[in-house]
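Asker: Handing over query18.pdb, PDB, C-alpha atoms and all ligand atoms.
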ATOM      1  CA  MET A   1      83.861  39.615 125.266
ATOM      2  CA  ASP A   2      84.271  37.684 122.014
ATOM      3  CA  LEU A   3      84.182  40.078 119.059
ATOM      4  CA  LYS A   4      84.155  38.742 115.507
ATOM      5  CA  TYR A   5      83.523  41.734 113.263
ATOM      6  CA  LEU A   6      84.620  44.778 115.213
ATOM      7  CA  THR A   7      87.213  45.872 117.731
ATOM      8  CA  TYR A   8      86.391  47.963 120.785
ATOM      9  CA  GLU A   9      88.751  50.145 122.790
ATOM     10  CA  LEU A  10      88.249  52.848 125.377
ATOM     11  CA  ARG A  11      90.734  55.748 125.267
ATOM     12  CA  GLY A  12      89.848  57.977 128.183
ATOM     13  CA  ASP A  13      86.287  59.149 127.546
ATOM     14  CA  VAL A  14      86.380  58.131 123.869
ATOM     15  CA  ALA A  15      85.228  54.715 122.618
ATOM     16  CA  LEU A  16      86.858  53.439 119.431
ATOM     17  CA  LEU A  17      84.897  50.968 117.300
ATOM     18  CA  GLY A  18      86.942  49.413 114.490
ATOM     19  CA  LEU A  19      85.282  47.597 111.587
ATOM     20  CA  ASN A  20      87.367  44.431 111.505
ATOM     21  CA  ARG A  21      86.604  42.179 108.570
ATOM     22  CA  PRO A  22      89.404  43.353 106.298
ATOM     23  CA  GLU A  23      89.491  40.176 104.198
ATOM     24  CA  LYS A  24      85.994  41.135 102.948
ATOM     25  CA  ARG A  25      86.781  44.867 102.965
ATOM     26  CA  ASN A  26      84.618  45.280 106.096
ATOM     27  CA  ALA A  27      81.446  44.319 104.204
ATOM     28  CA  ILE A  28      78.504  44.421 106.596
ATOM     29  CA  SER A  29      76.519  41.198 107.147
ATOM     30  CA  ASP A  30      73.531  40.695 109.459
ATOM     31  CA  ALA A  31      75.758  39.340 112.252
ATOM     32  CA  PHE A  32      78.088  42.336 111.757
ATOM     33  CA  VAL A  33      75.158  44.731 112.292
ATOM     34  CA  GLU A  34      74.186  42.912 115.509
ATOM     35  CA  GLU A  35      77.726  43.206 116.886
ATOM     36  CA  LEU A  36      77.732  46.885 115.962
ATOM     37  CA  ALA A  37      74.385  47.322 117.762
ATOM     38  CA  MET A  38      75.790  45.782 120.923
ATOM     39  CA  LEU A  39      78.918  47.947 120.825
ATOM     40  CA  VAL A  40      76.964  51.166 120.210
ATOM     41  CA  ARG A  41      75.067  50.467 123.464
ATOM     42  CA  LYS A  42      78.313  49.591 125.267
ATOM     43  CA  ALA A  43      79.920  52.837 124.117
ATOM     44  CA  GLU A  44      76.874  54.774 125.359
ATOM     45  CA  ASP A  45      77.361  53.230 128.796
ATOM     46  CA  GLU A  46      81.105  53.760 128.997
ATOM     47  CA  ALA A  47      82.123  56.802 126.947
ATOM     48  CA  LYS A  48      81.313  60.461 126.330
ATOM     49  CA  ALA A  49      82.132  60.389 122.600
ATOM     50  CA  ALA A  50      82.925  57.699 120.046
ATOM     51  CA  VAL A  51      84.913  57.116 116.881
ATOM     52  CA  ILE A  52      84.225  54.564 114.175
ATOM     53  CA  HIS A  53      87.038  53.496 111.847
ATOM     54  CA  GLY A  54      88.037  50.593 109.611
ATOM     55  CA  HIS A  55      90.879  48.089 109.888
ATOM     56  CA  GLY A  56      92.725  47.095 106.703
ATOM     57  CA  SER A  57      92.993  49.051 103.478
ATOM     58  CA  HIS A  58      89.394  50.333 103.322
ATOM     59  CA  PHE A  59      86.805  51.819 105.670
ATOM     60  CA  CYS A  60      83.895  49.739 104.368
ATOM     61  CA  ALA A  61      82.704  48.107 101.115
ATOM     62  CA  GLY A  62      79.055  48.352 102.201
ATOM     63  CA  LEU A  63      76.458  45.630 102.321
ATOM     64  CA  ASP A  64      77.682  42.012 102.292
ATOM     65  CA  LEU A  65      76.574  41.178  98.760
ATOM     66  CA  ALA A  66      77.271  37.436  99.173
ATOM     67  CA  GLU A  67      74.741  37.275 101.995
ATOM     68  CA  HIS A  68      72.318  39.674 100.317
ATOM     69  CA  VAL A  69      72.057  37.721  97.074
ATOM     70  CA  LYS A  70      70.498  34.797  98.975
ATOM     71  CA  LYS A  71      67.773  36.860 100.674
ATOM     72  CA  THR A  72      64.085  37.027  99.816
ATOM     73  CA  PRO A  73      62.705  40.535  99.176
ATOM     74  CA  PHE A  74      61.018  40.583 102.575
ATOM     75  CA  GLU A  75      64.218  39.493 104.352
ATOM     76  CA  GLY A  76      65.857  42.386 102.537
ATOM     77  CA  VAL A  77      63.279  44.795 103.957
ATOM     78  CA  HIS A  78      63.879  43.529 107.502
ATOM     79  CA  GLY A  79      67.635  43.817 107.027
ATOM     80  CA  SER A  80      67.312  47.376 105.788
ATOM     81  CA  ARG A  81      65.038  48.337 108.684
ATOM     82  CA  ARG A  82      67.554  46.911 111.152
ATOM     83  CA  TRP A  83      70.325  49.054 109.631
ATOM     84  CA  HIS A  84      67.993  52.052 110.006
ATOM     85  CA  GLU A  85      67.378  51.222 113.653
ATOM     86  CA  VAL A  86      71.026  50.710 114.623
ATOM     87  CA  PHE A  87      72.345  53.643 112.577
ATOM     88  CA  GLY A  88      69.554  55.700 114.171
ATOM     89  CA  TRP A  89      71.005  54.924 117.619
ATOM     90  CA  ILE A  90      74.249  56.442 116.360
ATOM     91  CA  GLN A  91      72.692  59.495 114.728
ATOM     92  CA  LYS A  92      70.129  60.335 117.405
ATOM     93  CA  GLY A  93      71.522  58.658 120.509
ATOM     94  CA  LYS A  94      73.473  59.834 123.531
ATOM     95  CA  LEU A  95      76.965  60.281 122.105
ATOM     96  CA  PRO A  96      78.692  62.481 119.553
ATOM     97  CA  TRP A  97      80.104  60.093 116.936
ATOM     98  CA  PHE A  98      83.083  60.736 114.656
ATOM     99  CA  ALA A  99      84.243  58.685 111.666
ATOM    100  CA  ALA A 100      87.812  58.190 110.449
ATOM    101  CA  LEU A 101      87.599  57.310 106.761
ATOM    102  CA  HIS A 102      90.159  55.838 104.387
ATOM    103  CA  GLY A 103      90.071  53.779 101.181
ATOM    104  CA  ALA A 104      86.626  52.709 100.021
ATOM    105  CA  VAL A 105      83.694  54.395 101.728
ATOM    106  CA  VAL A 106      81.065  52.925  99.455
ATOM    107  CA  GLY A 107      77.427  51.891  99.467
ATOM    108  CA  GLY A 108      76.468  50.949 103.020
ATOM    109  CA  GLY A 109      79.884  52.182 104.162
ATOM    110  CA  LEU A 110      78.922  55.688 103.102
ATOM    111  CA  GLU A 111      75.534  55.178 104.768
ATOM    112  CA  LEU A 112      77.243  54.275 108.039
ATOM    113  CA  ALA A 113      79.571  57.265 107.715
ATOM    114  CA  SER A 114      76.541  59.490 107.022
ATOM    115  CA  ALA A 115      74.957  58.464 110.345
ATOM    116  CA  VAL A 116      77.804  59.891 112.461
ATOM    117  CA  HIS A 117      78.116  63.560 113.328
ATOM    118  CA  VAL A 118      81.581  64.505 112.081
ATOM    119  CA  ARG A 119      83.533  62.785 109.312
ATOM    120  CA  VAL A 120      87.325  62.933 108.854
ATOM    121  CA  ALA A 121      88.739  61.511 105.615
ATOM    122  CA  ASP A 122      92.348  60.879 104.716
ATOM    123  CA  GLN A 123      93.638  61.456 101.188
ATOM    124  CA  SER A 124      93.184  57.786 100.254
ATOM    125  CA  ALA A 125      89.416  57.864 100.839
ATOM    126  CA  PHE A 126      86.974  57.547  97.952
ATOM    127  CA  PHE A 127      83.213  57.657  98.010
ATOM    128  CA  ALA A 128      80.646  55.942  95.796
ATOM    129  CA  LEU A 129      77.112  54.588  95.745
ATOM    130  CA  PRO A 130      77.366  51.596  93.367
ATOM    131  CA  GLU A 131      73.854  50.323  94.111
ATOM    132  CA  GLY A 132      72.642  51.264  90.624
ATOM    133  CA  GLN A 133      75.375  49.144  89.047
ATOM    134  CA  ARG A 134      74.458  46.219  91.337
ATOM    135  CA  GLY A 135      70.750  46.385  90.462
ATOM    136  CA  ILE A 136      69.661  47.447  93.944
ATOM    137  CA  PHE A 137      68.860  50.649  95.827
ATOM    138  CA  VAL A 138      70.346  52.244  98.929
ATOM    139  CA  GLY A 139      68.896  50.664 102.080
ATOM    140  CA  GLY A 140      70.973  51.892 105.006
ATOM    141  CA  GLY A 141      69.668  55.451 105.184
ATOM    142  CA  ALA A 142      71.482  57.164 102.284
ATOM    143  CA  SER A 143      68.329  58.532 100.664
ATOM    144  CA  VAL A 144      67.733  60.471 103.887
ATOM    145  CA  ARG A 145      71.144  61.118 105.455
ATOM    146  CA  SER A 146      73.661  61.123 102.578
ATOM    147  CA  ALA A 147      71.244  63.111 100.403
ATOM    148  CA  ARG A 148      70.965  65.768 103.115
ATOM    149  CA  LEU A 149      74.761  66.006 103.364
ATOM    150  CA  MET A 150      75.624  66.329  99.689
ATOM    151  CA  GLY A 151      72.278  67.364  98.191
ATOM    152  CA  LEU A 152      69.872  65.592  95.870
ATOM    153  CA  ALA A 153      71.590  66.445  92.574
ATOM    154  CA  ARG A 154      75.005  65.089  93.630
ATOM    155  CA  MET A 155      73.614  61.901  95.090
ATOM    156  CA  THR A 156      71.464  61.308  92.011
ATOM    157  CA  ASP A 157      74.561  61.776  89.822
ATOM    158  CA  MET A 158      76.589  59.325  91.956
ATOM    159  CA  MET A 159      73.862  56.700  91.753
ATOM    160  CA  LEU A 160      73.037  57.089  88.069
ATOM    161  CA  THR A 161      76.584  57.330  86.720
ATOM    162  CA  GLY A 162      78.550  55.331  89.294
ATOM    163  CA  ARG A 163      80.665  58.417  89.950
ATOM    164  CA  SER A 164      83.357  57.934  92.582
ATOM    165  CA  VAL A 165      84.675  61.056  94.321
ATOM    166  CA  ASP A 166      87.935  61.684  96.153
ATOM    167  CA  ALA A 167      88.393  63.143  99.632
ATOM    168  CA  ASP A 168      88.813  66.760  98.507
ATOM    169  CA  THR A 169      85.646  66.599  96.400
ATOM    170  CA  ALA A 170      83.834  64.930  99.289
ATOM    171  CA  GLU A 171      84.846  67.856 101.505
ATOM    172  CA  ARG A 172      83.595  70.334  98.908
ATOM    173  CA  TRP A 173      80.332  68.379  98.741
ATOM    174  CA  ASN A 174      79.819  68.361 102.534
ATOM    175  CA  ILE A 175      80.189  64.586 102.728
ATOM    176  CA  VAL A 176      83.165  65.057 105.071
ATOM    177  CA  GLN A 177      84.212  67.970 107.271
ATOM    178  CA  TYR A 178      87.985  67.346 107.459
ATOM    179  CA  VAL A 179      90.595  66.026 105.025
ATOM    180  CA  VAL A 180      93.973  64.973 106.436
ATOM    181  CA  ASP A 181      97.127  63.261 105.175
ATOM    182  CA  GLU A 182      96.960  59.554 104.436
ATOM    183  CA  GLY A 183      97.035  57.585 107.674
ATOM    184  CA  ALA A 184      96.143  60.546 109.898
ATOM    185  CA  ALA A 185      92.338  60.269 110.013
ATOM    186  CA  LEU A 186      92.037  58.153 113.144
ATOM    187  CA  ASP A 187      94.245  60.411 115.276
ATOM    188  CA  LYS A 188      92.350  63.480 114.074
ATOM    189  CA  ALA A 189      88.958  61.886 114.743
ATOM    190  CA  VAL A 190      90.028  60.810 118.243
ATOM    191  CA  GLU A 191      91.333  64.328 118.953
ATOM    192  CA  LEU A 192      88.023  65.884 117.841
ATOM    193  CA  ALA A 193      85.989  63.327 119.799
ATOM    194  CA  GLY A 194      88.089  64.085 122.877
ATOM    195  CA  ARG A 195      87.181  67.744 122.510
ATOM    196  CA  ALA A 196      83.455  66.999 122.140
ATOM    197  CA  ALA A 197      83.662  64.795 125.250
ATOM    198  CA  THR A 198      84.509  67.885 127.330
ATOM    199  CA  ASN A 199      81.285  69.705 126.363
ATOM    200  CA  ALA A 200      78.236  69.725 128.610
ATOM    201  CA  GLU A 201      76.374  66.455 128.023
ATOM    202  CA  ILE A 202      73.053  68.271 127.624
ATOM    203  CA  SER A 203      74.501  70.569 124.922
ATOM    204  CA  ASN A 204      75.865  67.603 122.987
ATOM    205  CA  TYR A 205      72.523  65.844 123.327
ATOM    206  CA  ALA A 206      70.693  68.887 121.952
ATOM    207  CA  VAL A 207      73.109  69.205 119.022
ATOM    208  CA  ILE A 208      72.731  65.527 118.142
ATOM    209  CA  ASN A 209      69.004  65.175 118.674
ATOM    210  CA  ALA A 210      67.560  68.614 118.016
ATOM    211  CA  LEU A 211      69.543  69.808 114.990
ATOM    212  CA  PRO A 212      68.521  67.038 112.566
ATOM    213  CA  ARG A 213      64.897  67.261 113.721
ATOM    214  CA  ILE A 214      64.812  71.042 113.355
ATOM    215  CA  GLN A 215      66.204  70.626 109.818
ATOM    216  CA  ASP A 216      63.059  68.617 109.057
ATOM    217  CA  MET A 217      60.695  71.293 110.461
ATOM    218  CA  SER A 218      59.376  74.510 108.984
ATOM    219  CA  SER A 219      61.432  77.612 109.892
ATOM    220  CA  ASP A 220      58.701  78.846 112.195
ATOM    221  CA  ASP A 221      58.429  75.545 114.088
ATOM    222  CA  GLY A 222      62.206  75.217 114.214
ATOM    223  CA  LEU A 223      62.679  78.628 115.800
ATOM    224  CA  PHE A 224      59.963  77.902 118.347
ATOM    225  CA  VAL A 225      61.551  74.587 119.371
ATOM    226  CA  GLU A 226      65.019  76.189 119.425
ATOM    227  CA  SER A 227      63.936  78.782 121.981
ATOM    228  CA  PHE A 228      62.740  76.100 124.394
ATOM    229  CA  ILE A 229      65.897  74.033 124.072
ATOM    230  CA  ALA A 230      68.030  77.160 124.527
ATOM    231  CA  SER A 231      66.145  78.084 127.660
ATOM    232  CA  PHE A 232      66.134  74.537 129.062
ATOM    233  CA  THR A 233      69.881  74.041 128.587
ATOM    234  CA  ALA A 234      70.734  77.513 129.956
ATOM    235  CA  THR A 235      68.964  76.831 133.242
ATOM    236  CA  SER A 236      70.870  73.598 133.967
ATOM    237  CA  PRO A 237      73.298  73.694 136.944
ATOM    238  CA  GLU A 238      76.121  72.751 134.594
ATOM    239  CA  ALA A 239      75.396  75.748 132.365
ATOM    240  CA  GLU A 240      75.425  78.086 135.359
ATOM    241  CA  GLU A 241      78.773  76.666 136.456
ATOM    242  CA  ARG A 242      80.273  76.953 132.969
ATOM    243  CA  LEU A 243      78.916  80.477 132.391
ATOM    244  CA  ASN A 244      80.265  81.673 135.753
ATOM    245  CA  ALA A 245      83.614  80.023 135.050
ATOM    246  CA  PHE A 246      83.920  82.156 131.916
ATOM    247  CA  LEU A 247      82.750  85.328 133.664
ATOM    248  CA  ASN A 248      85.298  84.691 136.456
ATOM    249  CA  LYS A 249      88.031  84.221 133.851
ATOM    250  CA  LYS A 250      88.440  80.542 134.745
ATOM    251  CA  ALA A 251      87.348  79.153 131.362
ATOM    252  CA  GLY A 252      89.183  79.373 128.062
ATOM    253  CA  LYS A 253      88.395  82.061 125.489
ATOM    254  CA  VAL A 254      87.353  81.189 121.963
ATOM    255  CA  ALA A 255      90.574  80.595 120.028
ATOM    256  CA  ARG A 256      91.379  82.055 116.632
ATOM    257  CA  PRO A 257      91.418  79.469 113.831
ATOM    258  CA  THR A 258      94.683  77.638 113.357
ATOM    259  CA  GLU A 259      93.732  76.017 110.056
ATOM    260  CA  GLY A 260      92.363  77.307 106.776
TER
HETATM  261  C1  LIG A 301      82.825  41.773  99.311
HETATM  262  C2  LIG A 301      82.301  43.084  99.225
HETATM  263  C3  LIG A 301      80.925  43.258  99.510
HETATM  264  C4  LIG A 301      84.394  43.152  98.724
HETATM  265  N1  LIG A 301      80.199  42.170  99.854
HETATM  266  N2  LIG A 301      82.046  40.730  99.639
HETATM  267  N3  LIG A 301      79.300  47.395  97.727
HETATM  268  C5  LIG A 301      79.940  47.334  96.553
HETATM  269  O1  LIG A 301      79.360  47.167  95.504
HETATM  270  C6  LIG A 301      81.437  47.425  96.636
HETATM  271  C7  LIG A 301      82.036  46.106  96.223
HETATM  272  N4  LIG A 301      83.474  46.062  96.512
HETATM  273  C8  LIG A 301      84.389  46.654  95.710
HETATM  274  O2  LIG A 301      84.109  47.361  94.779
HETATM  275  C9  LIG A 301      85.826  46.371  96.063
HETATM  276  O3  LIG A 301      85.879  45.191  96.845
HETATM  277  C10 LIG A 301      86.524  47.521  96.844
HETATM  278  C11 LIG A 301      86.743  48.723  95.918
HETATM  279  C12 LIG A 301      85.713  47.935  98.067
HETATM  280  C13 LIG A 301      87.892  47.011  97.374
HETATM  281  O4  LIG A 301      88.653  46.490  96.288
HETATM  282  P1  LIG A 301      89.886  45.515  96.599
HETATM  283  O5  LIG A 301      90.588  45.254  95.297
HETATM  284  O6  LIG A 301      90.680  46.044  97.744
HETATM  285  O7  LIG A 301      89.226  44.144  97.161
HETATM  286  P2  LIG A 301      88.488  42.962  96.359
HETATM  287  O8  LIG A 301      89.538  42.035  95.771
HETATM  288  O9  LIG A 301      87.491  43.469  95.415
HETATM  289  O10 LIG A 301      87.687  42.210  97.512
HETATM  290  C14 LIG A 301      88.331  41.386  98.485
HETATM  291  C15 LIG A 301      87.313  40.352  98.924
HETATM  292  O11 LIG A 301      86.235  41.033  99.583
HETATM  293  C16 LIG A 301      86.678  39.605  97.760
HETATM  294  O12 LIG A 301      86.361  38.313  98.221
HETATM  295  P3  LIG A 301      87.319  37.039  97.886
HETATM  296  O13 LIG A 301      86.603  35.887  98.507
HETATM  297  O14 LIG A 301      87.412  37.004  96.392
HETATM  298  O15 LIG A 301      88.646  37.348  98.545
HETATM  299  C17 LIG A 301      85.401  40.362  97.508
HETATM  300  O16 LIG A 301      84.399  39.576  96.894
HETATM  301  C18 LIG A 301      85.009  40.716  98.943
HETATM  302  N5  LIG A 301      84.119  41.854  98.981
HETATM  303  N6  LIG A 301      83.298  43.914  98.861
HETATM  304  C19 LIG A 301      80.769  40.946  99.910
HETATM  305  N7  LIG A 301      80.358  44.464  99.496
HETATM  306  C20 LIG A 301      71.851  48.396 103.314
HETATM  307  S1  LIG A 301      71.905  48.666 101.657
HETATM  308  C21 LIG A 301      73.501  49.042 101.240
HETATM  309  C22 LIG A 301      73.700  48.698  99.802
HETATM  310  C23 LIG A 301      75.150  48.580  99.434
HETATM  311  O17 LIG A 301      76.032  48.722 100.256
HETATM  312  S2  LIG A 301      75.449  48.237  97.817
HETATM  313  C24 LIG A 301      77.153  48.439  97.620
HETATM  314  C25 LIG A 301      77.892  47.182  97.908
END
Could I get this file's structure written as structure tokens?
Ligand code: 1HE

Answerer:
Amino acid sequence: MDLKYLTYELRGDVALLGLNRPEKRNAISDAFVEELAMLVRKAEDEAKAAVIHGHGSHFCAGLDLAEHVKKTPFEGVHGSRRWHEVFGWIQKGKLPWFAALHGAVVGGGLELASAVHVRVADQSAFFALPEGQRGIFVGGGASVRSARLMGLARMTDMMLTGRSVDADTAERWNIVQYVVDEGAALDKAVELAGRAATNAEISNYAVINALPRIQDMSSDDGLFVESFIASFTATSPEAEERLNAFLNKKAGKVARPTEG
């Protein structure tokens, strides 16, 4: 398989997708999105969890502005809708996705990171939405996904003032869930993905697909839907096996936290 913009590697049950256009800071062009789309499907066929990371000194500088500047408004709409579609396969697909973030995580890079389920940043990571400064608007899902992570007020501030935030602030703002030493994000993300890969597939599927939908429902509707998913998953043969394994002292206990 000839890959131009990304790398692909399978480590056990975990697929690793590496953004690989470092000379342009992993800026995402149309062809880049198509290669990503193909690899998301490949990972779904071959892995039980996946990690996305960036080669070079940054995770991703966002939309390829050199390509974008030549587009008509309608081509821009189609491009944006394609990002929505492909990022949607990540967010509400078959696999738990993890991101290892370092350097710039900006514009469309932050939108891509917002589509995965768990984000790990190293201390070099910084986050920004420079669309306002470029005279454009977010188009890769940030108004829905990034706004839900950090909240409306913070995202509005980032877009209006060009504010750039470091990894510790991003953790405080719910943009990322883990902050690790510089250079350690990929190993941590792979470790976490490996853990998720051992869960029951149906439980992972419910977490990925039901949680964001229930967030968009009223409390009453959400609780109703939750009860059906809980009952459906609990009656699967795999659940019975896993529940009995615990009751027969053959499954691990919940561990006490080892980190703060
Ligand atoms: C690019 C891009 C890009 C770099 N499109 N070519 N995103 C932005 O507005 C971020 C723009 N990029 C930057 O602010 C900086 O490049 C970084 C902070 C990410 C990295 O800085 P640095 O010093 O490591 O690299 P550099 O020297 O700025 O860039 C190296 C090359 O990459 C250079 O090209 P060269 O031919 O002069 O070597 C840059 O032009 C090129 N490059 N970023 C195209 N983004 C679906 S809607 C989403 C909307 C958005 O994402 S808007 C935000 C776009």

Asker: Sorted by chain and rising residue number, list the residues of chain A at most 6 Å from ligand LIG 301 (chain A) (counting all atoms listed in the file), each with its closest atom pair and distance in Å to one decimal, as CSV.

Answerer:
residue,atom,partner,partner_atom,distance
A:Glu23,CA,A:LIG301,C15,5.7
A:Lys24,CA,A:LIG301,O11,3.4
A:Arg25,CA,A:LIG301,O11,5.1
A:Ala27,CA,A:LIG301,N7,4.8
A:Ala61,CA,A:LIG301,C12,4.3
A:Gly62,CA,A:LIG301,O17,3.6
A:Leu63,CA,A:LIG301,O17,3.7
A:Asp64,CA,A:LIG301,N1,3.5
A:Leu65,CA,A:LIG301,N1,3.9
A:Ala66,CA,A:LIG301,C19,5.0
A:Ser80,CA,A:LIG301,C20,5.3
A:Ala104,CA,A:LIG301,C12,5.2
A:Gly107,CA,A:LIG301,O17,3.6
A:Gly108,CA,A:LIG301,O17,3.6
A:Pro130,CA,A:LIG301,C24,5.3
A:Glu131,CA,A:LIG301,S2,4.5
A:Val138,CA,A:LIG301,S1,4.8
A:Gly139,CA,A:LIG301,S1,3.6
A:Gly140,CA,A:LIG301,C20,4.0

Asker: Taking all atoms listed in the file into account, which of A:Ala142, A:Val179, A:Leu247, A:Ile208 comes nearest Ala125 (chain A)?

Answerer: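 Using all atoms listed in the file, Ala125 (chain A) sits closest to A:Val179.
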
Asker: List the spatial neighbours of Asp30 (chain A) as a list in words - criterion: any atom at most 9 Å away, all atoms listed in the file, same-chain residues fewer than 6 positions off excluded.

Answerer: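 Within the cut-off, the hits are Asp64, Glu67, Gly79, Arg82 and Trp83 of chain A.
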
Asker: For Leu243 (chain A), which residue among A:Asp166, A:Pro73, A:Ala200, A:Gly56 is the nearest when counting all atoms listed in the file?

Answerer: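 Using all atoms listed in the file, the shortest distance to Leu243 (chain A) belongs to A:Ala200.
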
Asker: Rank nothing, just name the residue among A:Phe32, A:Tyr5, A:Phe87, A:Phe98 nearest to His55 (chain A), using all atoms listed in the file.

Answerer: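 Distance minimum relative to His55 (chain A) lands on A:Tyr5.
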
Asker: Which residues match the PyMOL selection byres (((chain A and resi 97) around 9) and not hetatm) in the file above, as number ranges by chain?

Answerer: A: 49-52, 90-91, 95-96, 98-99, 115-119, 193
